[in-house]
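Q: Dropping the structure in here first, questions after.
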Amino acid sequence: MTWRRGARILGELVAVLALVSFGTFALVSMMDVDPAVSVLGEGHTEAEYDEVRHDLGLDQPLLTRYVSWLGDAVTGDLGTSVVPPYSDVADRIADALPVSVELALLGMGMALLLAIPAALWSANRPGGRVDRAISAMTVGVLSLPSFMLGLIVIMVLANQLGWFPRAQWARIGDEGVYQNLYHAFLPALTIALAEAAMFTRVLRNDLITTLQEDFVLSARAKGMTPRQVLVGDALRPSSLSLVTLMGISMGRLIGSTVVVEYLFGLPGMGSLTVSAAQTGDFVMVQGAVLVIAAIYVLTNAAIDVSYGYLDPRIRRAR
Amino acid sequence: MTDLVTPTRPGADVAVPAPAASVRRPAGTLLAGTLLLVGLALLAAAVVALRGHGWLQAGVALAGLILAHSGASRWGRRRFGPGFDLTLWLCGAWLVLLVVAAVAAPMLGLPEHEDLTGALGEPILARPDLVTNHPLGTNNFGLDLLARVLYGARASLVTALTAVLIGMVVGGALGILAGYFRGVVDVVIGILTNALLAVPPLILLIALATVLEPTLRNISLGLATLATPSMIRMARATTIAVSQREFVTAARSMGASGPHVMLRELLPNVVLPLASYGMVMVSVLIVAEASLSFLGLGIQAPAPSWGNMIAEGEGTVFRDHPHIVLVPGTVLFLTVFSFNCLGERARRRFDPRRSQLEEA
C-alpha cells in the first residue's frame, strides 16, 4: 500500500466521520416537536422551557453547539439522558456495548460453523439432491426478517422442546462463562442463521468455480479423494470473497443484533437505542448512533485495508 | 477490485448443468397429474375435514401444497420445456393477488380491522379456519386477521414503493451526474453516499424515528434515505460503463451538449438496471419497515402493519396462540420471497456488467 493511497483512505475516513457525527448531532434540529416541550411535557411556563433550552445549549448557534458536543464526545462525555433516571450516556453505553459485541461475534462464528460444511457438501455435487435442498433452504432463510427467524427459533427450541431459556442474560462476571453461553445461545443462533445463508451461497459458488481450475484437476489426477480435494485444495482459495462478504454484511449484522436483543430482552446497544427512541431520549440515541457508526466505519476501513495483505494481486493492481 | 478477487459475482448462481432432459413419455405426464391431484385433494381434506386440529391441519395442508407444486412444475416442464420455472410464475401471481386485494380491501366487505369497538361481539383469538367468517382467525381484540393483513399490506407496499421511487429518481440523478462529470462532483457525491452508508440501515431508521412522528409520509422518507445511497452507486457505476461505449462518443463528437448526452444517451441505459435493482430493494425496504414497526417505532397499533401484528405475539401469546405471529409472518415471508425471486431474475437479465461482456 502506497502512502498516497493511505492518505486518501484516511482523508475520506475523516470526512465521512465528520459528516456522520454532524448528521447525528443535527437530529435534534429535525424534531417535529420542540425538544424542550418533549423533555418537560406540555403546560409549563415559557421561562421553564427557556431554562431547559439553555441547559441543552439550544440557545446557541448550531455550529458552536456541534463543536462543543464533538469535543465532549471525543473525550468520552456523551452528555446526560433527558428522561428519568437521567443517567450518564457514556456509562450506559459502556455497560451495553460488551453484550452486543459478544452476540455479534458469537453469531458470526456460528454462521461460519454452519456455512462452511453446508457449502462444502453443496459444492461436492452441484445440482444434486443435497445441493438443491440446501439452496432452497438458504433462499427461504434469506427472505425471513431476523425477528421472524428469532420467533421460529424460540417456537421450536424454547417453547416446544424447552432446551433453552427464551430471555434473560447472564453476565460473564456474575454467573460464569457456562451460564453466559447457555443464555446467549438462542440469540446468537438467530443472528447466525441469517448470516450463514448468505455465506453458504457465496462460498458454494466460489467453490464450484475453483473446482474447475487446473490445479484441482491435477490433484484429482494424483488420486486424491473428493474430500481431500474439497477441504485441502479448494477451500482456501475460495474463502477470500467470504472475507469481503463479512465486511459488506456487517451493517445487516448490526441490524439483526439490534432486533434480536429487543426480541430476547438482552441489555445491549440495541435494547438501549430502541428504548431510548421509544421514550424520545434523543441525547441517548445520538450517543449510541455515534458509537455504532464509528465502530462500523472503522471496521469497514480496516477490512478494506486488509484485502491488500490477503491477496497480493490487489496490491499490485493499484 | 472485486472482479480481481472473485471470478464470480457474489450472489450470482453459477450455472449448473441441467439434469438430462427426459424423453417425453405419457407415464411422466400421468405421474405429474397424479401428484397435482393428490396434493390438491390433501389440501382440500385439510381445510374441510381436519378443522380444529391445529398443527396436524397445517402440516397436511403444507404437504398437499408441496405435492401439488411438484406435480404442477413437472407438468409445466413437460408442456413448456425445461426452462419453465413454476416458482417464478407463482411469485408473480402472489404479488398481483396481494396488490389487487390490498387496493380493493375497503370494497371486500371484510370484518373490522382497526376499530376496537367494532369488534366487540367477535370471537377473541380465534384459530385460522378457512370456512368461517374469519378465515385467518382473529387477534386478542377480536379484530379480523385477514382484514388486518390486507390493510397492513397497504401500509407496507405504499411506504416501500414510494421510497424506492424517490430513491430511484434522486439516486439516479445524482449517480448519473457523478458518473458523467467525475472529478470534484464525483468526490463530493461519493463522500455524501459513504456518509449515508456509514450508519447501519436499521440504526439510521431508529435515529430518524426518535425525532419524527411515525406517519406514513415520514416512514417513506426514512426508507428513501436508505434506498438512495445504493441507487447512487448503481447509477454511477452503470453510467461510467455506458459512457465508454461508441454511441456516447458518437453523440459527443456530433456536438451533443452535456444535458442531452445524460438525458438521451445515458438515462435510457441506466433506467433498466436501476429498476431491476429497485425490485430487490423493495423487499429490503419491506423488511426494514416491518422491523421498525416490530420495534414499536413504525406504524402504531391499532393501525395494522405486518411488523406490529407480529409484535402482538409478545410473551406467552405466541406460545399459546402461534397463529398471531405465523399469519402475518407467512404473508411477509411470501411477499419478500416473491420480490427477491423476481428481482434476482430481472437483475440477471439487465446486469450492466454482463451487457458489457457481450459487447466486448
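FYI, nothing fancy with the C-alpha cells labels: chains A, B, ... in order, residues from 1 per chain, ligands from 1 as they appear.
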Do a neighbour search on Val274 in chain A at 8 Å with only C-alpha atoms, toss out local chain neighbours closer than 3 positions, and write the hits as a count of residues only.
A: 7
Q: Dump as a tab-separated table the rows for residues of range 141-241 of chain A within 12 Å of range 113-135 of chain A: closest atom pair and distance in Å with one decimal, only C-alpha atoms counted, ordered by chain and rising residue number.
A:
```
residue	atom	partner	partner_atom	distance
A:Val141	CA	A:Ser135	CA	9.9
A:Leu142	CA	A:Ser135	CA	10.5
A:Leu189	CA	A:Leu114	CA	10.0
A:Ile191	CA	A:Leu114	CA	11.9
A:Ala192	CA	A:Leu114	CA	8.2
A:Leu193	CA	A:Leu114	CA	8.1
A:Ala194	CA	A:Ala115	CA	10.5
A:Glu195	CA	A:Ala115	CA	8.6
A:Ala196	CA	A:Ala115	CA	5.0
A:Ala197	CA	A:Ala115	CA	7.0
A:Met198	CA	A:Ala115	CA	8.4
A:Phe199	CA	A:Ala115	CA	5.9
A:Thr200	CA	A:Ala115	CA	4.7
A:Arg201	CA	A:Ala119	CA	7.2
A:Val202	CA	A:Ala119	CA	8.4
A:Leu203	CA	A:Ala119	CA	6.0
A:Arg204	CA	A:Ala119	CA	4.7
A:Asn205	CA	A:Ala123	CA	7.7
A:Asp206	CA	A:Ala123	CA	9.0
A:Leu207	CA	A:Ala123	CA	6.3
A:Ile208	CA	A:Ala123	CA	5.8
A:Thr209	CA	A:Ala123	CA	9.5
A:Thr210	CA	A:Ala123	CA	10.2
A:Leu211	CA	A:Ala123	CA	8.7
A:Gln212	CA	A:Ala123	CA	11.4
A:Thr225	CA	A:Asn124	CA	11.4
A:Pro226	CA	A:Asn124	CA	7.7
A:Arg227	CA	A:Asn124	CA	8.3
A:Gln228	CA	A:Asn124	CA	11.3
A:Val229	CA	A:Asn124	CA	9.9
A:Leu230	CA	A:Leu120	CA	6.9
A:Val231	CA	A:Leu120	CA	7.8
A:Gly232	CA	A:Leu120	CA	11.4
A:Asp233	CA	A:Leu120	CA	11.9
A:Ala234	CA	A:Leu120	CA	9.5
A:Leu235	CA	A:Leu120	CA	8.1
A:Arg236	CA	A:Ile116	CA	11.2
A:Ser238	CA	A:Leu120	CA	10.8
A:Ser239	CA	A:Ile116	CA	9.5
```
Q: Generate the output file for the selected residues, C-alpha atoms, as a PDB file, in the first residue's frame.
A:
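Okay, again17.pdb is ready:
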```
ATOM      1  CA  VAL A 141     -33.990 -18.054   5.206  1.00  0.00           C
ATOM      2  CA  LEU A 142     -32.824 -15.002   3.259  1.00  0.00           C
ATOM      3  CA  LEU A 189     -28.173 -18.772  16.688  1.00  0.00           C
ATOM      4  CA  ILE A 191     -28.113 -13.943  14.182  1.00  0.00           C
ATOM      5  CA  ALA A 192     -26.047 -16.806  12.770  1.00  0.00           C
ATOM      6  CA  LEU A 193     -28.854 -18.315  10.662  1.00  0.00           C
ATOM      7  CA  ALA A 194     -29.354 -15.194   8.554  1.00  0.00           C
ATOM      8  CA  GLU A 195     -25.636 -14.673   8.025  1.00  0.00           C
ATOM      9  CA  ALA A 196     -24.984 -18.357   7.335  1.00  0.00           C
ATOM     10  CA  ALA A 197     -27.493 -18.409   4.477  1.00  0.00           C
ATOM     11  CA  MET A 198     -25.622 -15.630   2.678  1.00  0.00           C
ATOM     12  CA  PHE A 199     -22.188 -17.144   3.422  1.00  0.00           C
ATOM     13  CA  THR A 200     -23.262 -20.575   2.168  1.00  0.00           C
ATOM     14  CA  ARG A 201     -24.457 -19.213  -1.148  1.00  0.00           C
ATOM     15  CA  VAL A 202     -21.318 -17.235  -1.852  1.00  0.00           C
ATOM     16  CA  LEU A 203     -18.876 -19.904  -0.693  1.00  0.00           C
ATOM     17  CA  ARG A 204     -20.697 -22.600  -2.703  1.00  0.00           C
ATOM     18  CA  ASN A 205     -20.492 -20.550  -5.898  1.00  0.00           C
ATOM     19  CA  ASP A 206     -16.805 -19.819  -5.339  1.00  0.00           C
ATOM     20  CA  LEU A 207     -16.038 -23.453  -4.573  1.00  0.00           C
ATOM     21  CA  ILE A 208     -17.721 -24.602  -7.773  1.00  0.00           C
ATOM     22  CA  THR A 209     -15.646 -22.116  -9.775  1.00  0.00           C
ATOM     23  CA  THR A 210     -12.433 -23.147  -8.031  1.00  0.00           C
ATOM     24  CA  LEU A 211     -13.162 -26.826  -8.636  1.00  0.00           C
ATOM     25  CA  GLN A 212     -12.930 -26.197 -12.384  1.00  0.00           C
ATOM     26  CA  THR A 225     -10.263 -38.351  -2.737  1.00  0.00           C
ATOM     27  CA  PRO A 226     -13.023 -35.789  -3.398  1.00  0.00           C
ATOM     28  CA  ARG A 227     -12.993 -34.898   0.286  1.00  0.00           C
ATOM     29  CA  GLN A 228      -9.250 -34.199   0.307  1.00  0.00           C
ATOM     30  CA  VAL A 229      -9.584 -32.055  -2.807  1.00  0.00           C
ATOM     31  CA  LEU A 230     -12.519 -30.063  -1.406  1.00  0.00           C
ATOM     32  CA  VAL A 231     -11.069 -29.358   2.025  1.00  0.00           C
ATOM     33  CA  GLY A 232      -7.358 -29.400   1.203  1.00  0.00           C
ATOM     34  CA  ASP A 233      -7.164 -27.668  -2.168  1.00  0.00           C
ATOM     35  CA  ALA A 234     -10.348 -25.796  -2.990  1.00  0.00           C
ATOM     36  CA  LEU A 235     -11.450 -24.287   0.324  1.00  0.00           C
ATOM     37  CA  ARG A 236      -8.644 -21.797   0.923  1.00  0.00           C
ATOM     38  CA  SER A 238     -12.397 -19.866  -2.363  1.00  0.00           C
ATOM     39  CA  SER A 239     -12.588 -18.190   1.004  1.00  0.00           C
TER      40      SER A 239
END
```
Q: Give me the chain A side of the contact with chain B, cut-off 7 Å, one line per residue showing its nearest atom pair and distance in Å at one decimal, counting only C-alpha atoms, sorted by chain and residue number, as a tab-separated table.
A:
```
residue	atom	partner	partner_atom	distance
A:Val16	CA	B:Ala195	CA	4.9
A:Leu19	CA	B:Ala195	CA	6.2
A:Val20	CA	B:Ala195	CA	5.7
A:Leu27	CA	B:Val211	CA	6.8
A:Val28	CA	B:Val211	CA	6.8
A:Met30	CA	B:Val211	CA	6.6
A:Met31	CA	B:Val211	CA	4.6
A:Asp32	CA	B:Leu212	CA	5.5
A:Pro126	CA	B:Val16	CA	6.5
A:Gly127	CA	B:Val16	CA	6.0
A:Ser143	CA	B:Phe337	CA	5.1
A:Leu144	CA	B:Phe333	CA	5.7
A:Pro145	CA	B:Val287	CA	6.0
A:Met148	CA	B:Gly329	CA	6.7
A:Asn159	CA	B:Arg319	CA	6.4
A:Arg201	CA	B:Gly11	CA	6.6
A:Val202	CA	B:Pro10	CA	5.6
A:Asn205	CA	B:Val14	CA	5.7
A:Asp206	CA	B:Thr8	CA	6.9
A:Ser241	CA	B:Thr6	CA	6.2
A:Gly251	CA	B:Pro200	CA	4.6
A:Ile254	CA	B:Pro200	CA	6.9
A:Gly255	CA	B:Leu202	CA	5.3
A:Ala277	CA	B:Thr210	CA	4.6
A:Gln278	CA	B:Leu297	CA	6.6
A:Gly280	CA	B:Thr210	CA	5.6
A:Phe282	CA	B:Thr210	CA	6.5
A:Val285	CA	B:Ala207	CA	6.5
A:Val289	CA	B:Ile203	CA	6.8
A:Ala293	CA	B:Val199	CA	5.0
A:Tyr296	CA	B:Ala198	CA	6.9
A:Val297	CA	B:Ala198	CA	5.8
```
Q: Residues at most 12 Å from Ala158 in chain A, counting only C-alpha atoms, excluding those fewer than 5 positions away in the same chain, as a PyMOL selection string?
A: (chain A and resi 150-153+163-167+183+185-187+264) or (chain B and resi 316+318-319)
Q: One decimal, Å: what's the distance from CA of Gly71 in chain A over to CA of Phe22 in chain A, could you say?
A: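 Calculated distance between CA of Gly71 in chain A and CA of Phe22 in chain A is 12.3 Å.
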Q: Go through B:Leu97, B:Leu274, B:Ala126, B:Ala72 one by one, measure the shortest atom-to-atom distance of each to Asp85 in chain B using only C-alpha atoms, and give the residue with the smallest value.
A: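 Using only C-alpha atoms, the shortest distance to Asp85 in chain B belongs to B:Ala72.
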Q: Just give me the gap between CA of Val149 in chain B and CA of Ala101 in chain B in Å, one decimal is fine.
A: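 A separation of 10.2 Å between them.
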Q: What parts of range 4-92 of chain A does DSSP call helix (DSSP H, G or I)? I'd like the answer as an MDAnalysis selection string.
A: chainID A and resid 4:30 35:40 46:56 62:74 89:92
Q: With C-alpha atoms retained, write the just-selected residues as a short mmCIF file (atom, residue, chain, number, x, y, z; two decimals), in the first residue's frame.
A:
```cif
data_model
loop_
_atom_site.label_atom_id
_atom_site.label_comp_id
_atom_site.auth_asym_id
_atom_site.auth_seq_id
_atom_site.Cartn_x
_atom_site.Cartn_y
_atom_site.Cartn_z
CA ARG A 4 -0.84 8.22 -1.32
CA ARG A 5 -3.48 5.54 -1.03
CA GLY A 6 -3.14 5.56 2.75
CA ALA A 7 -3.58 9.32 2.90
CA ARG A 8 -6.62 9.17 0.62
CA ILE A 9 -8.29 6.48 2.73
CA LEU A 10 -7.57 8.47 5.89
CA GLY A 11 -8.90 11.71 4.38
CA GLU A 12 -12.13 10.09 3.27
CA LEU A 13 -12.50 8.42 6.64
CA VAL A 14 -12.24 11.76 8.45
CA ALA A 15 -14.69 13.44 6.06
CA VAL A 16 -17.22 10.61 6.43
CA LEU A 17 -16.91 10.55 10.23
CA ALA A 18 -17.35 14.34 10.35
CA LEU A 19 -20.47 14.18 8.18
CA VAL A 20 -21.94 11.29 10.18
CA SER A 21 -21.32 12.96 13.53
CA PHE A 22 -22.81 16.22 12.24
CA GLY A 23 -25.86 14.39 10.90
CA THR A 24 -26.31 12.62 14.23
CA PHE A 25 -25.99 15.90 16.06
CA ALA A 26 -28.39 17.72 13.73
CA LEU A 27 -31.11 15.16 14.52
CA VAL A 28 -32.41 17.45 17.27
CA SER A 29 -32.97 20.25 14.77
CA MET A 30 -35.13 17.92 12.67
CA PRO A 35 -37.16 19.49 22.17
CA ALA A 36 -37.89 21.48 25.34
CA VAL A 37 -41.58 20.51 25.17
CA SER A 38 -40.65 16.89 24.58
CA VAL A 39 -38.37 16.91 27.65
CA LEU A 40 -40.71 18.72 30.10
CA GLU A 46 -42.14 29.89 28.89
CA ALA A 47 -39.39 30.61 31.45
CA GLU A 48 -39.13 26.94 32.37
CA TYR A 49 -38.87 25.93 28.69
CA ASP A 50 -36.15 28.56 28.22
CA GLU A 51 -34.23 27.09 31.12
CA VAL A 52 -34.32 23.61 29.55
CA ARG A 53 -33.25 25.06 26.21
CA HIS A 54 -30.36 26.76 27.97
CA ASP A 55 -29.39 23.52 29.74
CA LEU A 56 -29.40 21.67 26.42
CA LEU A 62 -25.84 25.06 15.63
CA LEU A 63 -22.15 25.04 14.69
CA THR A 64 -20.98 26.23 18.12
CA ARG A 65 -23.07 23.51 19.74
CA TYR A 66 -21.71 20.91 17.33
CA VAL A 67 -18.08 21.78 18.03
CA SER A 68 -18.51 21.65 21.79
CA TRP A 69 -20.57 18.43 21.58
CA LEU A 70 -17.93 16.78 19.37
CA GLY A 71 -15.17 17.94 21.73
CA ASP A 72 -17.00 16.38 24.67
CA ALA A 73 -17.73 13.20 22.70
CA VAL A 74 -14.08 12.70 21.75
CA VAL A 89 -24.96 8.24 28.42
CA ALA A 90 -21.34 7.09 28.19
CA ASP A 91 -21.75 4.86 31.27
CA ARG A 92 -24.85 3.20 29.87
#
```
Q: Could you please determine the separation between CA of Gly298 in chain B and CA of Glu122 in chain B in Å, to one decimal place?
A: 27.4 Å
Q: For Ile176 in chain B, work out the shell of residues within 9 Å, counting only C-alpha atoms and skipping chain neighbours fewer than 5 positions away, then give it as a PDB file with N, CA and C atoms, in the first residue's frame.
A:
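Once everything was written out, this is around_38.pdb:
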```
ATOM      1  N   GLY B 171     -31.459   9.185  -6.419  1.00  0.00           N
ATOM      2  CA  GLY B 171     -30.208   8.456  -6.541  1.00  0.00           C
ATOM      3  C   GLY B 171     -29.754   8.347  -7.987  1.00  0.00           C
ATOM      4  N   PHE B 181     -19.684  13.581 -14.857  1.00  0.00           N
ATOM      5  CA  PHE B 181     -18.711  14.662 -14.680  1.00  0.00           C
ATOM      6  C   PHE B 181     -17.412  14.196 -14.049  1.00  0.00           C
ATOM      7  N   ILE B 232     -27.479   5.538  -5.887  1.00  0.00           N
ATOM      8  CA  ILE B 232     -26.443   6.421  -6.441  1.00  0.00           C
ATOM      9  C   ILE B 232     -25.285   5.577  -6.963  1.00  0.00           C
ATOM     10  N   ALA B 235     -26.268   3.682 -10.168  1.00  0.00           N
ATOM     11  CA  ALA B 235     -26.394   4.558 -11.333  1.00  0.00           C
ATOM     12  C   ALA B 235     -25.024   5.050 -11.780  1.00  0.00           C
ATOM     13  N   ARG B 236     -24.159   5.358 -10.806  1.00  0.00           N
ATOM     14  CA  ARG B 236     -22.832   5.859 -11.151  1.00  0.00           C
ATOM     15  C   ARG B 236     -22.028   4.789 -11.895  1.00  0.00           C
ATOM     16  N   ALA B 237     -22.035   3.572 -11.359  1.00  0.00           N
ATOM     17  CA  ALA B 237     -21.261   2.503 -11.990  1.00  0.00           C
ATOM     18  C   ALA B 237     -21.770   2.232 -13.406  1.00  0.00           C
ATOM     19  N   THR B 238     -23.109   2.191 -13.559  1.00  0.00           N
ATOM     20  CA  THR B 238     -23.661   1.939 -14.892  1.00  0.00           C
ATOM     21  C   THR B 238     -23.311   3.070 -15.839  1.00  0.00           C
ATOM     22  N   THR B 239     -23.416   4.321 -15.352  1.00  0.00           N
ATOM     23  CA  THR B 239     -23.100   5.470 -16.196  1.00  0.00           C
ATOM     24  C   THR B 239     -21.666   5.399 -16.694  1.00  0.00           C
ATOM     25  N   ILE B 240     -20.740   5.068 -15.783  1.00  0.00           N
ATOM     26  CA  ILE B 240     -19.336   5.011 -16.183  1.00  0.00           C
ATOM     27  C   ILE B 240     -19.137   3.940 -17.249  1.00  0.00           C
ATOM     28  N   MET B 262     -26.669  13.137 -21.179  1.00  0.00           N
ATOM     29  CA  MET B 262     -27.133  12.491 -19.953  1.00  0.00           C
ATOM     30  C   MET B 262     -28.576  12.017 -20.092  1.00  0.00           C
ATOM     31  N   LEU B 266     -27.525   8.422 -21.847  1.00  0.00           N
ATOM     32  CA  LEU B 266     -27.179   7.657 -20.642  1.00  0.00           C
ATOM     33  C   LEU B 266     -28.427   7.165 -19.913  1.00  0.00           C
ATOM     34  N   LEU B 267     -29.382   8.085 -19.682  1.00  0.00           N
ATOM     35  CA  LEU B 267     -30.551   7.744 -18.863  1.00  0.00           C
ATOM     36  C   LEU B 267     -31.269   6.468 -19.322  1.00  0.00           C
ATOM     37  N   VAL B 270     -29.457   3.533 -18.101  1.00  0.00           N
ATOM     38  CA  VAL B 270     -29.302   3.384 -16.660  1.00  0.00           C
ATOM     39  C   VAL B 270     -30.614   2.923 -16.037  1.00  0.00           C
TER      40      VAL B 270
END
```
Q: Identify, on the basis of only C-alpha atoms, every residue whose closest approach to Ala94 in chain A does not exceed 12 Å; exclude the query and any residue fewer than 6 positions from it along the same chain; express the result as an MDAnalysis selection string.
A: chainID A and resid 76:78 88 100:101 267:269 272 287:288 291
Q: Take the residues from that selection and write them out as a PDB file, in the first residue's frame, keeping C-alpha atoms.
A:
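Final output, selection-v9.pdb:
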```pdb
ATOM      1  CA  GLY A  76     -15.715  10.355  26.353  1.00  0.00           C
ATOM      2  CA  ASP A  77     -18.521  12.647  27.575  1.00  0.00           C
ATOM      3  CA  LEU A  78     -21.727  11.982  25.658  1.00  0.00           C
ATOM      4  CA  ASP A  88     -24.830   9.277  32.093  1.00  0.00           C
ATOM      5  CA  SER A 100     -23.748  -6.585  21.695  1.00  0.00           C
ATOM      6  CA  VAL A 101     -20.160  -7.271  20.670  1.00  0.00           C
ATOM      7  CA  PRO A 267     -29.263  -5.467  27.827  1.00  0.00           C
ATOM      8  CA  GLY A 268     -27.177  -4.496  24.760  1.00  0.00           C
ATOM      9  CA  MET A 269     -26.840  -1.478  22.495  1.00  0.00           C
ATOM     10  CA  LEU A 272     -30.681   0.686  24.784  1.00  0.00           C
ATOM     11  CA  GLY A 287     -24.600   8.884  21.681  1.00  0.00           C
ATOM     12  CA  ALA A 288     -25.484   5.322  20.699  1.00  0.00           C
ATOM     13  CA  VAL A 291     -20.637   4.970  18.769  1.00  0.00           C
TER      14      VAL A 291
END
```
